[in-house]
$ cat protein.txt   # compact mmCIF, C-alpha atoms
# COMPACT_ATOMS: atom_id res chain seq x y z
CA MET B 322 -16.86 125.93 -118.76
CA ASN B 323 -20.43 126.54 -117.58
CA LYS B 324 -20.78 122.88 -116.50
CA LEU B 325 -17.60 123.08 -114.58
CA PHE B 326 -18.81 126.21 -112.85
CA THR B 327 -22.15 124.62 -112.08
CA ILE B 328 -20.53 121.54 -110.47
CA ALA B 329 -18.20 123.68 -108.44
CA LEU B 330 -21.16 125.71 -107.25
CA MET B 331 -23.12 122.62 -106.20
CA LEU B 332 -20.21 121.22 -104.23
CA GLY B 333 -19.76 124.55 -102.59
CA LEU B 334 -23.39 124.74 -101.55
CA THR B 335 -23.30 121.18 -100.24
CA GLY B 336 -20.24 121.94 -98.17
CA CYS B 337 -21.87 125.05 -96.83
CA SER B 338 -24.90 123.05 -95.82
CA LEU B 339 -22.73 120.48 -93.94
CA PHE B 340 -21.08 123.18 -91.93
CA ALA B 341 -24.35 124.92 -91.19
CA SER B 342 -26.34 121.98 -89.46
CA LYS B 343 -25.50 120.07 -86.06
CA VAL B 344 -26.77 116.60 -84.90
CA GLU B 345 -26.62 115.53 -81.23
CA ALA B 346 -27.52 112.28 -79.38
CA GLY B 347 -27.68 111.65 -75.60
CA THR B 348 -27.44 108.07 -74.16
CA ASN B 349 -28.08 107.18 -70.49
CA ILE B 350 -25.87 104.77 -68.62
CA ASN B 351 -27.79 103.33 -65.65
CA GLY B 352 -26.42 101.46 -62.73
CA THR B 353 -27.36 100.40 -59.23
CA VAL B 354 -25.27 99.77 -56.18
CA GLU B 355 -26.30 97.11 -53.74
CA SER B 356 -24.95 97.90 -50.39
CA ARG B 357 -22.57 95.37 -48.92
CA CYS B 358 -23.93 96.30 -45.53
CA THR B 359 -27.30 95.39 -44.05
CA VAL B 360 -29.06 96.55 -40.90
CA ASN B 361 -31.67 94.42 -39.18
CA THR B 362 -33.50 94.39 -35.89
CA ASP B 363 -32.45 91.32 -33.98
CA THR B 364 -34.46 91.99 -30.82
CA SER B 365 -37.22 94.53 -30.44
CA GLY B 366 -37.05 96.66 -27.32
CA TYR B 367 -39.67 98.01 -24.98
CA TYR B 368 -39.81 100.26 -21.99
CA GLY B 369 -40.41 99.27 -18.45
CA ASN B 370 -42.01 101.72 -16.06
CA PRO B 371 -40.43 101.18 -12.64
CA ASN B 372 -41.86 104.44 -11.33
CA ALA B 373 -44.20 107.16 -12.49
CA TYR B 374 -41.53 109.38 -13.95
CA THR B 375 -39.16 106.82 -15.60
CA LEU B 376 -39.27 104.73 -18.74
CA THR B 377 -36.32 102.41 -19.15
CA THR B 378 -35.25 99.43 -21.26
CA LEU B 379 -33.34 97.85 -18.40
CA PRO B 380 -34.44 94.25 -17.91
CA ALA B 381 -34.29 94.76 -14.15
CA SER B 382 -37.12 97.27 -14.58
CA ALA B 383 -39.19 94.98 -16.79
CA GLY B 384 -37.83 96.54 -19.94
CA GLN B 385 -36.00 94.97 -22.87
CA VAL B 386 -32.92 96.32 -24.58
CA PRO B 387 -33.21 96.34 -28.38
CA VAL B 388 -30.47 94.64 -30.35
CA ILE B 389 -29.51 95.66 -33.88
CA ARG B 390 -27.50 93.45 -36.18
CA ILE B 391 -25.26 94.95 -38.85
CA ASP B 392 -23.61 92.69 -41.43
CA THR B 393 -20.96 93.75 -43.85
CA SER B 394 -19.23 91.64 -46.43
CA LEU B 395 -16.54 94.20 -47.11
CA ALA B 396 -13.93 95.23 -44.54
CA ASN B 397 -13.08 98.91 -44.02
CA ALA B 398 -15.85 100.02 -46.38
CA TYR B 399 -18.60 101.09 -43.99
CA LYS B 400 -19.15 102.59 -40.59
CA ALA B 401 -22.09 101.97 -38.33
CA GLN B 402 -23.82 105.00 -36.81
CA ILE B 403 -26.20 104.14 -34.02
CA SER B 404 -28.10 106.58 -31.82
CA TYR B 405 -30.19 106.08 -28.75
CA PRO B 406 -33.46 108.04 -28.68
CA THR B 407 -33.60 111.65 -27.58
CA SER B 408 -37.30 112.15 -28.13
CA PHE B 409 -40.54 110.24 -28.39
CA SER B 410 -41.86 109.60 -31.85
CA SER B 411 -45.32 109.34 -30.36
CA SER B 412 -46.59 110.05 -26.89
CA PRO B 413 -49.29 111.89 -25.00
CA SER B 414 -48.92 115.64 -24.83
CA LEU B 415 -45.99 116.44 -22.60
CA GLY B 416 -45.78 119.82 -20.96
CA ASP B 417 -42.54 119.27 -19.15
CA THR B 418 -39.01 118.30 -20.03
CA VAL B 419 -37.85 114.73 -20.69
CA VAL B 420 -34.29 113.91 -19.86
CA TRP B 421 -32.82 111.23 -22.11
CA THR B 422 -29.89 109.00 -21.33
CA GLY B 423 -28.67 105.84 -23.01
CA THR B 424 -25.81 103.72 -24.14
CA VAL B 425 -24.82 101.98 -27.35
CA ALA B 426 -22.58 98.96 -27.01
CA VAL B 427 -21.28 96.02 -28.99
CA ASP B 428 -23.28 93.05 -27.74
CA GLN B 429 -21.64 90.28 -29.70
CA THR B 430 -19.64 89.73 -32.84
CA SER B 431 -18.96 87.00 -35.34
CA SER B 432 -15.21 87.20 -34.85
CA SER B 433 -12.86 87.80 -32.00
CA ASP B 434 -11.12 90.32 -34.24
CA MET B 435 -14.11 92.62 -33.73
CA SER B 436 -13.62 92.72 -29.99
CA GLY B 437 -11.97 96.09 -30.31
CA TYR B 438 -14.96 97.76 -31.95
CA GLN B 439 -16.24 99.32 -28.76
CA ALA B 440 -12.86 100.75 -27.86
CA ALA B 441 -12.41 102.11 -31.37
CA SER B 442 -15.82 103.80 -31.51
CA THR B 443 -16.42 107.51 -31.26
CA THR B 444 -19.41 109.60 -30.24
CA ALA B 445 -21.27 112.42 -31.90
CA ASP B 446 -24.49 114.34 -31.60
CA GLY B 447 -23.91 115.13 -27.97
CA GLY B 448 -23.04 111.56 -27.14
CA ALA B 449 -26.30 110.06 -28.35
CA MET B 450 -24.71 108.69 -31.50
CA ARG B 451 -21.87 106.21 -31.51
CA ILE B 452 -19.86 105.55 -34.64
CA TYR B 453 -18.15 102.21 -35.26
CA PRO B 454 -15.71 101.73 -38.14
CA LEU B 455 -16.49 98.30 -39.51
CA SER B 456 -12.96 97.16 -40.15
CA ILE B 457 -13.76 93.45 -40.28
CA ALA B 458 -16.20 91.69 -42.56
CA GLY B 459 -18.86 89.89 -40.59
CA ALA B 460 -21.76 90.45 -38.27
CA THR B 461 -21.95 92.71 -35.26
CA TRP B 462 -24.78 92.98 -32.79
CA PHE B 463 -25.29 96.32 -31.03
CA SER B 464 -27.43 96.81 -27.96
CA VAL B 465 -29.04 100.17 -27.29
CA ALA B 466 -30.20 101.04 -23.81
CA SER B 467 -32.50 103.99 -23.27
CA VAL B 468 -33.85 105.80 -20.20
CA ALA B 469 -36.35 108.66 -20.24
CA THR B 470 -37.04 110.68 -17.09
CA TYR B 471 -39.85 113.18 -16.94
CA GLY B 472 -39.95 116.46 -15.10
CA GLY B 473 -36.51 117.88 -15.77
CA GLY B 474 -35.15 116.49 -12.54
CA GLN B 475 -38.34 117.25 -10.62
CA GLN B 476 -39.57 113.65 -10.94
CA LYS B 477 -42.94 114.47 -12.40
CA ALA B 478 -45.19 111.65 -13.43
CA PHE B 479 -45.52 110.80 -17.10
CA PRO B 480 -49.05 111.30 -18.41
CA GLY B 481 -50.74 108.01 -18.97
CA GLY B 482 -50.68 106.68 -22.52
CA SER B 483 -48.52 104.97 -25.07
CA TYR B 484 -44.97 106.04 -25.70
CA THR B 485 -42.72 105.20 -28.62
CA ALA B 486 -39.12 106.13 -29.24
CA VAL B 487 -36.89 105.21 -32.17
CA VAL B 488 -33.33 103.93 -32.26
CA ILE B 489 -31.59 104.96 -35.46
CA ALA B 490 -28.96 102.61 -36.87
CA GLU B 491 -27.25 103.34 -40.15
CA CYS B 492 -24.56 101.75 -42.22
CA VAL B 493 -22.71 104.57 -43.97
CA ALA B 494 -20.03 104.15 -46.59
CA GLN B 495 -16.69 105.48 -45.38
CA MET G 169 -23.49 61.65 -33.21
CA THR G 170 -26.31 60.34 -31.17
CA THR G 171 -29.89 61.48 -30.92
CA PRO G 172 -29.61 62.76 -27.33
CA ILE G 173 -26.69 64.99 -28.29
CA LEU G 174 -28.21 66.28 -31.50
CA GLY G 175 -31.72 66.58 -30.17
CA ILE G 176 -33.27 65.08 -33.28
CA SER G 177 -33.49 61.66 -34.80
CA THR G 178 -30.23 60.63 -36.43
CA GLU G 179 -31.69 58.54 -39.17
CA GLU G 180 -30.11 57.75 -42.47
CA GLY G 181 -30.57 60.60 -44.92
CA MET G 182 -29.75 63.51 -42.62
CA ASP G 183 -26.97 65.85 -43.72
CA ILE G 184 -25.35 68.57 -41.62
CA SER G 185 -24.83 71.77 -43.57
CA GLY G 186 -23.51 74.11 -40.92
CA VAL G 187 -22.93 74.91 -37.27
CA ILE G 188 -23.91 77.99 -35.31
CA TYR G 189 -22.10 78.40 -32.05
CA ASN G 190 -21.91 81.14 -29.50
CA TYR G 191 -20.21 81.68 -26.18
CA THR G 192 -18.85 84.47 -24.05
CA ALA G 193 -15.10 84.62 -23.62
CA VAL G 194 -14.14 85.78 -20.16
CA LYS G 195 -10.54 86.98 -20.00
CA ASP G 196 -8.23 89.88 -19.48
CA GLN G 197 -7.16 91.67 -22.59
CA ALA G 198 -3.48 90.89 -22.08
CA ASP G 199 -3.98 87.14 -21.61
CA ASP G 200 -3.45 84.58 -24.32
CA PHE G 201 -6.54 82.54 -24.89
CA THR G 202 -7.84 80.42 -27.75
CA VAL G 203 -11.14 78.64 -28.13
CA THR G 204 -11.72 75.82 -30.62
CA VAL G 205 -15.13 74.43 -31.48
CA GLN G 206 -14.83 71.11 -33.24
CA ASN G 207 -16.50 67.84 -34.13
CA GLU G 208 -14.69 64.59 -34.63
CA ASN G 209 -15.04 62.53 -37.78
CA VAL G 210 -15.77 58.87 -37.18
CA ASP G 211 -13.22 58.03 -39.87
CA GLY G 212 -10.55 60.02 -38.06
CA GLY G 213 -9.73 63.70 -37.77
CA TYR G 214 -12.41 66.32 -37.56
CA VAL G 215 -15.43 67.18 -39.67
CA TYR G 216 -14.81 70.85 -38.81
CA GLN G 217 -12.65 72.88 -36.49
CA ASP G 218 -12.98 76.57 -35.84
CA THR G 219 -10.55 78.42 -33.62
CA GLU G 220 -10.85 81.95 -32.30
CA ASP G 221 -7.68 83.51 -30.94
CA TRP G 222 -8.61 85.92 -28.19
CA SER G 223 -5.01 86.68 -27.27
CA GLY G 224 -4.57 90.41 -26.71
CA LYS G 225 -8.26 91.04 -27.32
CA TYR G 226 -11.17 91.97 -25.15
CA GLY G 227 -13.27 89.08 -24.01
CA MET G 228 -16.85 89.28 -25.19
CA LYS G 229 -19.74 87.34 -26.61
CA ILE G 230 -19.28 85.75 -29.99
CA GLN G 231 -21.76 84.16 -32.37
CA LYS G 232 -20.45 82.47 -35.45
CA VAL G 233 -21.75 80.45 -38.36
CA ILE G 234 -19.56 77.68 -39.74
CA PRO G 235 -20.76 76.49 -43.14
CA ILE G 236 -20.08 72.84 -43.88
CA ALA G 237 -20.53 70.96 -47.11
CA TYR G 238 -23.47 68.61 -46.76
CA THR G 239 -22.06 65.85 -44.59
CA PRO G 240 -23.98 62.73 -43.59
CA ILE G 241 -24.66 62.75 -39.92
CA GLU G 242 -23.16 59.31 -39.64
CA GLN G 243 -19.76 60.96 -40.14
CA PHE G 244 -20.12 63.11 -37.04
CA GLY G 245 -18.39 61.90 -33.93
CA LYS G 246 -17.97 63.55 -30.59
CA GLY G 247 -18.23 67.35 -30.47
CA SER G 248 -16.23 69.54 -28.12
CA ILE G 249 -15.08 73.07 -27.24
CA ALA G 250 -11.39 73.14 -26.38
CA THR G 251 -9.54 76.08 -24.86
CA THR G 252 -5.92 76.99 -24.35
CA GLY G 253 -4.37 79.79 -22.34
CA THR G 254 -5.85 81.88 -19.58
CA GLY G 255 -9.56 82.49 -19.67
CA SER G 256 -12.88 80.72 -19.73
CA ILE G 257 -16.06 80.55 -21.70
CA GLU G 258 -19.62 80.97 -20.51
CA ASN G 259 -23.09 80.29 -21.93
CA ALA G 260 -21.81 78.17 -24.78
CA SER G 261 -24.19 76.60 -27.24
CA VAL G 262 -23.73 74.82 -30.58
CA LEU G 263 -26.55 74.46 -33.09
CA TYR G 264 -26.42 72.21 -36.14
CA MET G 265 -28.12 73.09 -39.39
CA TYR G 266 -29.31 70.09 -41.34
CA ARG G 267 -31.31 68.90 -44.26
CA TRP G 268 -33.26 65.72 -44.57
CA ASP G 269 -33.01 63.56 -47.67
CA GLY G 270 -35.89 61.21 -47.17
CA CYS G 271 -34.93 59.10 -50.17
CA ARG G 272 -31.30 58.48 -49.27
CA ASN G 273 -32.54 55.09 -48.37
CA PRO G 274 -35.29 54.36 -50.94
CA GLN G 275 -36.93 51.99 -48.49
CA ASN G 276 -37.78 54.94 -46.20
CA ASN G 277 -40.73 55.89 -48.40
CA GLU G 278 -42.65 53.98 -51.01
CA ASN G 279 -42.69 57.13 -53.18
CA CYS G 280 -38.89 57.19 -53.43
CA PRO G 281 -37.35 56.08 -56.71
CA GLY G 282 -35.87 52.66 -56.36
CA TYR G 283 -38.28 51.61 -53.66
CA VAL G 284 -38.68 47.87 -53.57
CA PRO G 285 -41.79 46.54 -51.84
CA PRO G 286 -40.58 44.37 -49.02
CA MET G 287 -41.34 40.70 -49.23
CA PRO G 288 -43.64 39.55 -46.48
CA VAL G 289 -42.15 37.16 -44.00
CA ILE G 290 -43.49 33.73 -44.77
CA PRO G 291 -44.03 31.78 -41.58
CA VAL G 292 -42.67 28.25 -41.41
CA ILE G 293 -45.58 25.85 -41.08
CA GLU G 294 -44.91 22.44 -39.56
CA ILE G 295 -46.97 19.79 -41.28
CA TYR G 296 -48.54 17.38 -38.82
CA ASP G 297 -47.99 13.75 -39.69
CA ALA G 298 -50.22 11.61 -37.59
CA LEU G 299 -48.10 8.58 -38.30
CA GLU G 300 -45.18 10.30 -36.62
CA ASP G 301 -47.14 11.20 -33.51
CA GLU G 302 -45.87 9.26 -30.52
CA ASN G 303 -49.30 9.00 -29.02
CA VAL G 304 -50.69 7.58 -32.23
CA GLN G 305 -47.82 5.16 -32.45
CA ASP G 306 -48.41 3.99 -28.91
CA ALA G 307 -52.09 3.56 -29.57
CA THR G 308 -51.55 1.59 -32.78
CA GLU G 309 -48.77 -0.57 -31.42
CA LYS G 310 -49.57 -4.29 -31.48
CA LYS G 311 -50.32 -5.81 -28.09
CA ASP G 312 -49.80 -9.47 -27.09
CA GLY G 313 -52.72 -11.60 -25.87
CA LEU G 314 -51.83 -11.25 -22.24
CA GLY G 315 -51.98 -7.51 -22.43
CA THR G 316 -55.34 -7.63 -24.16
CA ASN G 317 -56.82 -9.95 -21.58
CA LYS G 318 -55.47 -7.76 -18.86
CA ASP G 319 -57.13 -4.73 -20.39
CA GLU G 320 -60.39 -6.59 -20.77
CA ASP G 321 -60.21 -7.74 -17.14
CA THR G 322 -59.60 -4.22 -16.02
CA ARG G 323 -62.50 -2.95 -18.12
CA GLU G 324 -64.83 -5.66 -16.78
CA THR G 325 -63.86 -4.82 -13.23
CA GLU G 326 -64.60 -1.19 -13.82
CA GLU G 327 -67.97 -2.01 -15.38
CA GLU G 328 -68.87 -4.18 -12.41
CA ASP G 329 -67.95 -1.43 -10.03
CA GLU G 330 -70.07 1.05 -11.95
CA GLU G 331 -72.99 -1.36 -11.99
CA LYS G 332 -72.67 -1.85 -8.25
CA GLU G 333 -72.65 1.87 -7.66
CA ARG G 334 -75.76 2.35 -9.81
CA LEU G 335 -77.53 -0.41 -7.92
CA GLU G 336 -76.65 1.09 -4.58
CA ILE G 337 -77.93 4.45 -5.71
CA ALA G 338 -81.19 2.88 -6.96
CA MET G 339 -81.71 0.94 -3.77
CA ALA G 340 -81.06 3.97 -1.70
CA ALA G 341 -83.65 5.85 -3.73
CA THR G 342 -86.20 3.05 -3.31
CA GLU G 343 -85.57 2.84 0.38
CA ASN G 344 -86.04 6.52 0.74
CA ALA G 345 -89.27 6.41 -1.24
CA LEU G 346 -90.64 3.57 0.93
CA THR G 347 -89.77 5.41 4.08
CA ILE G 348 -91.65 8.42 2.85
CA ALA G 349 -94.67 6.42 1.69
CA ASN G 350 -94.79 4.11 4.70
CA THR G 351 -96.62 6.46 6.99
CA ALA G 352 -99.36 7.14 4.47
CA SER G 353 -99.90 3.52 3.50
CA GLN G 354 -100.31 2.27 7.08
CA ALA G 355 -103.49 4.24 7.57
CA THR G 356 -104.93 2.92 4.33
CA LEU G 357 -103.98 -0.63 5.25
CA LEU G 358 -105.74 -0.47 8.61
CA HIS G 359 -108.84 0.85 6.94
CA ARG G 360 -108.90 -2.04 4.47
CA ILE G 361 -108.35 -4.61 7.23
CA ASN G 362 -111.35 -3.26 9.07
CA ASN G 363 -113.45 -3.64 5.98
CA ALA G 364 -112.26 -7.24 5.49
CA THR G 365 -113.46 -8.37 8.89
CA ASN G 366 -117.01 -8.31 7.65
CA VAL G 367 -116.87 -11.74 5.84
CA SER G 368 -120.09 -13.22 7.24
CA SER G 369 -121.75 -13.01 3.84
CA TYR G 370 -119.32 -15.60 2.55
CA TYR G 371 -120.19 -18.07 5.26
CA VAL G 372 -123.92 -18.08 4.56
CA ALA G 373 -123.50 -18.95 0.86
CA GLN G 374 -124.67 -22.43 -0.09
CA ILE G 375 -123.53 -24.56 -3.05
CA GLU G 376 -126.09 -26.92 -4.53
CA GLY G 377 -124.92 -30.62 -4.34
CA GLY G 378 -125.60 -33.58 -6.80
CA THR G 379 -123.87 -36.07 -9.15
CA TYR G 380 -122.16 -35.17 -12.33
CA ARG G 381 -122.16 -38.16 -14.77
CA GLU G 382 -119.54 -39.05 -17.46
CA SER G 383 -120.93 -37.90 -20.73
CA MET G 384 -118.09 -39.00 -23.13
CA ALA G 385 -118.05 -42.42 -25.00
CA LEU G 386 -115.40 -44.01 -27.32
CA GLN G 387 -117.07 -45.26 -30.48
CA ASP G 388 -114.00 -46.87 -32.29
CA SER G 389 -112.76 -50.20 -30.97
CA GLU G 390 -109.15 -49.86 -32.32
CA ILE G 391 -106.87 -46.90 -32.32
CA VAL G 392 -104.49 -46.76 -35.37
CA ASP G 393 -100.95 -45.51 -34.98
CA ASN G 394 -100.10 -42.24 -36.63
CA LYS G 395 -97.68 -43.25 -39.37
CA ARG G 396 -96.84 -39.76 -40.38
CA ALA G 397 -95.71 -38.97 -36.90
CA LEU G 398 -93.69 -42.15 -36.72
CA ARG G 399 -91.89 -41.23 -39.96
CA SER G 400 -91.23 -37.81 -38.70
CA LEU G 401 -89.75 -39.19 -35.52
CA GLY G 402 -87.53 -41.49 -37.55
CA GLN G 403 -86.20 -38.57 -39.55
CA ASP G 404 -85.55 -36.64 -36.40
CA ASN G 405 -83.58 -39.57 -35.02
CA LEU G 406 -81.51 -39.72 -38.20
CA MET G 407 -80.85 -36.04 -38.03
CA ASN G 408 -79.62 -36.32 -34.47
CA GLU G 409 -77.25 -39.07 -35.43
CA MET G 410 -75.83 -36.98 -38.25
CA ILE G 411 -75.25 -34.07 -35.95
CA GLU G 412 -73.53 -36.17 -33.37
CA GLU G 413 -71.30 -37.64 -36.06
CA GLN G 414 -69.63 -34.26 -36.39
CA TYR G 415 -68.30 -34.40 -32.88
CA LYS G 416 -66.86 -37.85 -33.05
$ encode --input "protein.txt" --output "structure tokens"
Amino acid sequence: MNKLFTIALMLGLTGCSLFASKVEAGTNINGTVESRCTVNTDTSGYYGNPNAYTLTTLPASAGQVPVIRIDTSLANAYKAQISYPTSFSSSPSLGDTVVWTGTVAVDQTSSSDMSGYQAASTTADGGAMRIYPLSIAGATWFSVASVATYGGGQQKAFPGGSYTAVVIAECVAQ
Amino acid sequence: MTTPILGISTEEGMDISGVIYNYTAVKDQADDFTVTVQNENVDGGYVYQDTEDWSGKYGMKIQKVIPIAYTPIEQFGKGSIATTGTGSIENASVLYMYRWDGCRNPQNNENCPGYVPPMPVIPVIEIYDALEDENVQDATEKKDGLGTNKDEDTRETEEEDEEKERLEIAMAATENALTIANTASQATLLHRINNATNVSSYYVAQIEGGTYRESMALQDSEIVDNKRALRSLGQDNLMNEMIEEQYK
């Protein structure tokens, strides 16, 4: 009788101990996504200086329009967001206002089916950014023209020095 | 495809792996327009054909890459850009991507597997046989007696002429030498003649006269014939007869 009681007590204690403790394990699952869209500079741009108060990428003014190439291998998966500059990333100290204008346009495509990209694009950020839904897999070249005028309409001369502006091109998943 | 069209040497071992073309389609959006870039295959048909249908689309610049399985350049025929519908293309260019297999023909490089050193071209040498030479045959041909005599006569005539010429030249030289020396020798000759006129010393010389007696005397009273000489003469006579016998 005592043995039976002792065994029952041991089983009871063991069961109590099982209910009293908790074991946990955490396992990471890693993964990477390689974008099916790439952005590259096809042609570097530079400013011409046709007069003291204007910097422009127009070839007629000794400038060069930059060209950006965006490739996507997946249709209707990405949109291209391209902005012309609205400020200098580096320049001499400027005490007056710079007026920025520019255009973003489809320069060439790898398929005639992309010929409607320009018509289908929209603008944002006050018109400086143009958004293109990339509905066709392939390559698209975008040209970005930029004009900077100093003096806030008063045609003041730019201070002498080096000026740099940045065109931002992004491939964003839809 | 020829070298002027491709811009590079179209040698055996070159494979085309792709084409990059671009052009600007100029058209109204509503117009139907297609553009086909293609390259004929020398065996018939086309190596590749790529058509863009611009119908109902905006005209613009296009740049496209056409991948092609490695195709020997020998298969490429005439290339062309064909259009249909209303529109045109501007600033078209077609670039070919290629690879070069330098050992397609092992003989292109001695380092290629299967290269066989070329055998040198052995020149054909004609062996000269003097006996077959016409000139030698003419020279060694037998001549008849008349021909030989004629040649000898001709040779003798030529030798006589040469001798005569040499003699004339020698005489001319002698004559010239005498003419030159004549003036000098005349003065010497006159001088010697003047010296010779003084011959009075010869006239005054006297030779002593007298009689010169015979001093020789023959002591033997009889002269004996020389028998040895007589015998020798007899043998000589016999010899002469023997010699003359040969000609009888």
$ interface_residues --input "protein.txt" --of "chain G" --to "chain B" --cutoff "9 Å" --atoms "all atoms listed in the file" --output "list in words"
Asn190, Thr192, Glu220, Asp221, Trp222, Lys225, Tyr226, Gly227, Met228, Lys229, Ile230, Gln231, Lys232 and Val233 of chain G
$ write_last_selection --input "protein.txt" --atoms "C-alpha atoms" --output "mmCIF file, in the coordinates of the input"
data_model
loop_
_atom_site.group_PDB
_atom_site.id
_atom_site.type_symbol
_atom_site.label_atom_id
_atom_site.label_comp_id
_atom_site.auth_asym_id
_atom_site.auth_seq_id
_atom_site.Cartn_x
_atom_site.Cartn_y
_atom_site.Cartn_z
ATOM 1 C CA ASN G 190 -21.910 81.140 -29.500
ATOM 2 C CA THR G 192 -18.850 84.470 -24.050
ATOM 3 C CA GLU G 220 -10.850 81.950 -32.300
ATOM 4 C CA ASP G 221 -7.680 83.510 -30.940
ATOM 5 C CA TRP G 222 -8.610 85.920 -28.190
ATOM 6 C CA LYS G 225 -8.260 91.040 -27.320
ATOM 7 C CA TYR G 226 -11.170 91.970 -25.150
ATOM 8 C CA GLY G 227 -13.270 89.080 -24.010
ATOM 9 C CA MET G 228 -16.850 89.280 -25.190
ATOM 10 C CA LYS G 229 -19.740 87.340 -26.610
ATOM 11 C CA ILE G 230 -19.280 85.750 -29.990
ATOM 12 C CA GLN G 231 -21.760 84.160 -32.370
ATOM 13 C CA LYS G 232 -20.450 82.470 -35.450
ATOM 14 C CA VAL G 233 -21.750 80.450 -38.360
#
$ atom_distance --input "protein.txt" --atom1 "CA of Ala494 (chain B)" --atom2 "CA of Ala398 (chain B)"
5.9 Å
$ atom_distance --input "protein.txt" --atom1 "CA of Cys492 (chain B)" --atom2 "CA of Gly447 (chain B)"
19.6 Å
$ closest_residue --input "protein.txt" --among "G:Gln305, G:Gly181, G:Tyr191, G:Ser248" --to "Asn277 (chain G)" --atoms "all atoms listed in the file"
G:Gly181
$ atom_distance --input "protein.txt" --atom1 "CA of Glu412 (chain G)" --atom2 "CA of Asp393 (chain G)"
29.0 Å
$ residues_around --input "protein.txt" --residues "Arg357 (chain B)" --least-positions-apart "4" --cutoff "10 Å" --atoms "all atoms listed in the file" --output "PyMOL selection string"
chain B and resi 392-396+398-399+458+492+494
$ write_last_selection --input "protein.txt" --atoms "C-alpha atoms" --output "CSV table (one decimal), in the frame of the given file"
chain,number,residue,atom,x,y,z
B,392,ASP,CA,-23.6,92.7,-41.4
B,393,THR,CA,-21.0,93.8,-43.8
B,394,SER,CA,-19.2,91.6,-46.4
B,395,LEU,CA,-16.5,94.2,-47.1
B,396,ALA,CA,-13.9,95.2,-44.5
B,398,ALA,CA,-15.8,100.0,-46.4
B,399,TYR,CA,-18.6,101.1,-44.0
B,458,ALA,CA,-16.2,91.7,-42.6
B,492,CYS,CA,-24.6,101.8,-42.2
B,494,ALA,CA,-20.0,104.2,-46.6
$ decode --input "protein.txt" --residues "region 389-399 of chain G" --atoms "N, CA, C and O atoms" --output "short mmCIF file (atom, residue, chain, number, x, y, z; two decimals), in the first residue's frame"
data_model
loop_
_atom_site.label_atom_id
_atom_site.label_comp_id
_atom_site.auth_asym_id
_atom_site.auth_seq_id
_atom_site.Cartn_x
_atom_site.Cartn_y
_atom_site.Cartn_z
N SER G 389 156.56 11.57 -151.22
CA SER G 389 156.47 11.59 -152.67
C SER G 389 155.16 11.03 -153.16
O SER G 389 154.77 11.23 -154.29
N GLU G 390 154.42 10.23 -152.37
CA GLU G 390 153.15 9.59 -152.78
C GLU G 390 152.09 9.85 -151.69
O GLU G 390 152.36 9.66 -150.53
N ILE G 391 150.94 10.17 -152.23
CA ILE G 391 149.83 10.40 -151.28
C ILE G 391 148.90 9.21 -151.35
O ILE G 391 148.34 8.91 -152.42
N VAL G 392 148.64 8.51 -150.24
CA VAL G 392 147.82 7.28 -150.17
C VAL G 392 146.35 7.68 -149.97
O VAL G 392 146.04 8.62 -149.25
N ASP G 393 145.52 6.93 -150.75
CA ASP G 393 144.06 7.18 -150.58
C ASP G 393 143.59 6.82 -149.16
O ASP G 393 144.08 5.87 -148.56
N ASN G 394 142.59 7.51 -148.78
CA ASN G 394 142.00 7.23 -147.44
C ASN G 394 140.95 6.13 -147.60
O ASN G 394 139.84 6.33 -148.08
N LYS G 395 141.32 4.93 -147.20
CA LYS G 395 140.42 3.78 -147.39
C LYS G 395 139.18 3.86 -146.48
O LYS G 395 138.09 3.42 -146.83
N ARG G 396 139.39 4.36 -145.36
CA ARG G 396 138.23 4.45 -144.44
C ARG G 396 137.16 5.35 -145.05
O ARG G 396 135.97 5.06 -145.01
N ALA G 397 137.62 6.42 -145.63
CA ALA G 397 136.66 7.35 -146.22
C ALA G 397 135.99 6.72 -147.41
O ALA G 397 134.80 6.90 -147.64
N LEU G 398 136.77 5.96 -148.19
CA LEU G 398 136.19 5.30 -149.35
C LEU G 398 135.10 4.32 -148.93
O LEU G 398 134.03 4.25 -149.52
N ARG G 399 135.38 3.56 -147.85
CA ARG G 399 134.38 2.59 -147.36
C ARG G 399 133.12 3.31 -146.88
O ARG G 399 132.01 2.90 -147.11
#
